[in-house]
Amino acid sequence: MPKTANFRLAGAAIFLLTVLVRPAAADDAHIAVAANFADAARDIGRLFSDQTRHRAVFSFASTGTLYTQISQGAPFDAFLAADHERPQKAVHEGLAVSGSEFTYAIGKIALYSRNPDLVSGPEILTLRQFDRIALANPVTAPYGAAAVQAMRKMEVLDALSPNFVYGNNIAQTFQFVETGNAELGFVAQSQLVNRTGGSMWEVPQDLYQPIRQDAVLLKHGSGNPAAEAFLHLLKSAAVRTVLAKYGYGSSE
């Protein structure tokens with residue numbers, strides 16, 4: 001066989017081998033994430049990038065705000081809500097893939113103040129030694145709805161309502177307390193994991209309905225391998241470790 005033919009065959013073999021061993025192309029997954037889960041999501045995003053060639057691009061806001069954006073055509077691939085109603089609604093309204101929804105975390109609320117002497121337990125809510133108490137908008141933010149449920153069960157809701165300062169989401173609510181715009185507030189327990197100082201009371205979970213946080217694959221993300229891989233990772237033991245780190249419960 002002529003030498004030129006041998007060279008052509010060798011070149012073709014090298015090209016074929018290159019194609020076969022080349023790793024799959026990386027894709028982006030655009031994920032709408034409830035504000036309370038921001039820190040945990042960033043950790044999971046780094047884990048996701050380490051384990052795959054894909055990248056998670058997060059957008060954080062209240063669950064209600066994100067759902068409005070999704071219903072108006074925002075190009076998100078997956079939705080990590082702070083409740084289970086909105087993902088179910090997304091499926092019913094044809095915005096998400098039926099059967100893809102699942103609970104990825106169980107949220108908890110805490111009463112928190114930067115003042116180390118202010119919050120020792122629920123008695124602060126009856127002593128009324130403050131002017132403003134922050135909570136997330138209960139209409140759009142499940143953590144705010146949980147705070148309202150807890151205050152109603154403690155029979156302090158009506159008395160405290162004139163003192164309410166509402167955040168658009170749990171992240172803004174936390175900032176109200178951190179900046180002193182409110183002396184105390186109902187925040188996500190996960191927001192206190194890396195904080196030092198201040199005072200807090202972990203609100204007993206029998207005072208509010210479990211904050212079941214569900215994820216769902218949106219129609220826009222159907223067929224996107226990065227979005228599907230990210231949701232698969234959320235069910236893993238590695239992510240359960242991250243959840244525990246940030247004070248979330250797991251459905252497993």
# chains A, B, ... in the order shown; residues from 1 in each chain; ligands from 1

call {"tool": "residues_around", "arguments": {"residues": "region 198-203 of chain A", "least_positions_apart": "5", "cutoff": "6 Å", "atoms": "only C-alpha atoms", "output": "list in words"}}
result
Ile109, Ala110, Leu111, Tyr112, Ser113, Arg114, Asn115, Pro116, Val119 and Gly121 of chain A

call {"tool": "residues_around", "arguments": {"residues": "Arg86 (chain A)", "least_positions_apart": "5", "cutoff": "12 Å", "atoms": "only C-alpha atoms", "output": "JSON, numbers by chain"}}
result
{"A": [34, 62, 63, 64, 65, 66, 67, 68, 70, 71, 79, 80, 81, 91, 92, 93, 95, 96, 101, 102, 140, 141, 142, 212, 213, 214, 215, 216, 218]}

call {"tool": "write_last_selection", "arguments": {"atoms": "C-alpha atoms", "output": "PDB file, in the first residue's frame"}}
result
ATOM      1  CA  ALA A  34     -36.093  30.554  46.362  1.00  0.00           C
ATOM      2  CA  SER A  62     -39.107  34.925  46.466  1.00  0.00           C
ATOM      3  CA  THR A  63     -41.033  31.880  45.317  1.00  0.00           C
ATOM      4  CA  GLY A  64     -44.007  34.017  44.284  1.00  0.00           C
ATOM      5  CA  THR A  65     -41.849  36.410  42.281  1.00  0.00           C
ATOM      6  CA  LEU A  66     -40.083  33.561  40.509  1.00  0.00           C
ATOM      7  CA  TYR A  67     -43.366  31.875  39.668  1.00  0.00           C
ATOM      8  CA  THR A  68     -44.672  35.088  38.128  1.00  0.00           C
ATOM      9  CA  ILE A  70     -41.887  31.683  34.913  1.00  0.00           C
ATOM     10  CA  SER A  71     -45.543  32.174  33.999  1.00  0.00           C
ATOM     11  CA  PHE A  79     -37.515  25.749  39.658  1.00  0.00           C
ATOM     12  CA  LEU A  80     -36.447  25.268  43.277  1.00  0.00           C
ATOM     13  CA  ALA A  81     -39.355  26.715  45.247  1.00  0.00           C
ATOM     14  CA  VAL A  91     -47.268  21.301  36.276  1.00  0.00           C
ATOM     15  CA  HIS A  92     -51.028  21.908  36.208  1.00  0.00           C
ATOM     16  CA  GLU A  93     -50.604  25.028  34.087  1.00  0.00           C
ATOM     17  CA  LEU A  95     -45.213  25.154  32.581  1.00  0.00           C
ATOM     18  CA  ALA A  96     -43.371  22.136  34.028  1.00  0.00           C
ATOM     19  CA  GLU A 101     -41.503  17.406  40.984  1.00  0.00           C
ATOM     20  CA  PHE A 102     -40.008  16.218  44.285  1.00  0.00           C
ATOM     21  CA  THR A 140     -45.407  35.487  48.085  1.00  0.00           C
ATOM     22  CA  ALA A 141     -42.892  33.952  50.513  1.00  0.00           C
ATOM     23  CA  PRO A 142     -43.599  30.629  52.278  1.00  0.00           C
ATOM     24  CA  ARG A 212     -41.714  21.473  52.105  1.00  0.00           C
ATOM     25  CA  GLN A 213     -39.516  22.886  49.382  1.00  0.00           C
ATOM     26  CA  ASP A 214     -40.124  21.230  46.022  1.00  0.00           C
ATOM     27  CA  ALA A 215     -38.148  21.277  42.786  1.00  0.00           C
ATOM     28  CA  VAL A 216     -39.506  20.715  39.286  1.00  0.00           C
ATOM     29  CA  LEU A 218     -39.656  23.287  33.678  1.00  0.00           C
TER      30      LEU A 218
END

call {"tool": "closest_residue", "arguments": {"among": "A:Leu157, A:Ser222, A:Ala237, A:Ala134", "to": "Thr179 (chain A)", "atoms": "only C-alpha atoms"}}
result
A:Ala134

call {"tool": "residues_around", "arguments": {"residues": "Ala229 (chain A)", "least_positions_apart": "3", "cutoff": "12 Å", "atoms": "only C-alpha atoms", "output": "list of chain:residue names"}}
result
A:Ala26, A:Asp27, A:Asp28, A:Ala29, A:Gly45, A:Leu47, A:Phe48, A:Ser49, A:Gln51, A:Thr52, A:Arg53, A:His54, A:Arg55, A:Ala56, A:Asp77, A:Ala78, A:Leu217, A:Gly221, A:Ser222, A:Gly223, A:Asn224, A:Pro225, A:Ala226, A:His232, A:Leu233, A:Leu234, A:Lys235, A:Ser236

call {"tool": "select_by_dssp", "arguments": {"residues": "region 153-215 of chain A", "states": "helix (DSSP H, G or I)", "output": "ChimeraX atom specification"}}
result
/A:153,157-163,170-178,189-192,205-207

call {"tool": "atom_distance", "arguments": {"atom1": "CA of Gly185 (chain A)", "atom2": "CA of Thr173 (chain A)"}}
result
7.2 Å

call {"tool": "residues_around", "arguments": {"residues": "Asn163 (chain A)", "least_positions_apart": "6", "cutoff": "9 Å", "atoms": "only C-alpha atoms", "output": "PyMOL selection string"}}
result
chain A and resi 130-134

call {"tool": "closest_residue", "arguments": {"among": "A:Leu243, A:Ala171, A:Ala146, A:Leu231", "to": "Ala38 (chain A)", "atoms": "only C-alpha atoms"}}
result
A:Ala171

call {"tool": "closest_residue", "arguments": {"among": "A:Ala35, A:Ala90, A:Met154, A:Pro75", "to": "Asp206 (chain A)", "atoms": "only C-alpha atoms"}}
result
A:Met154
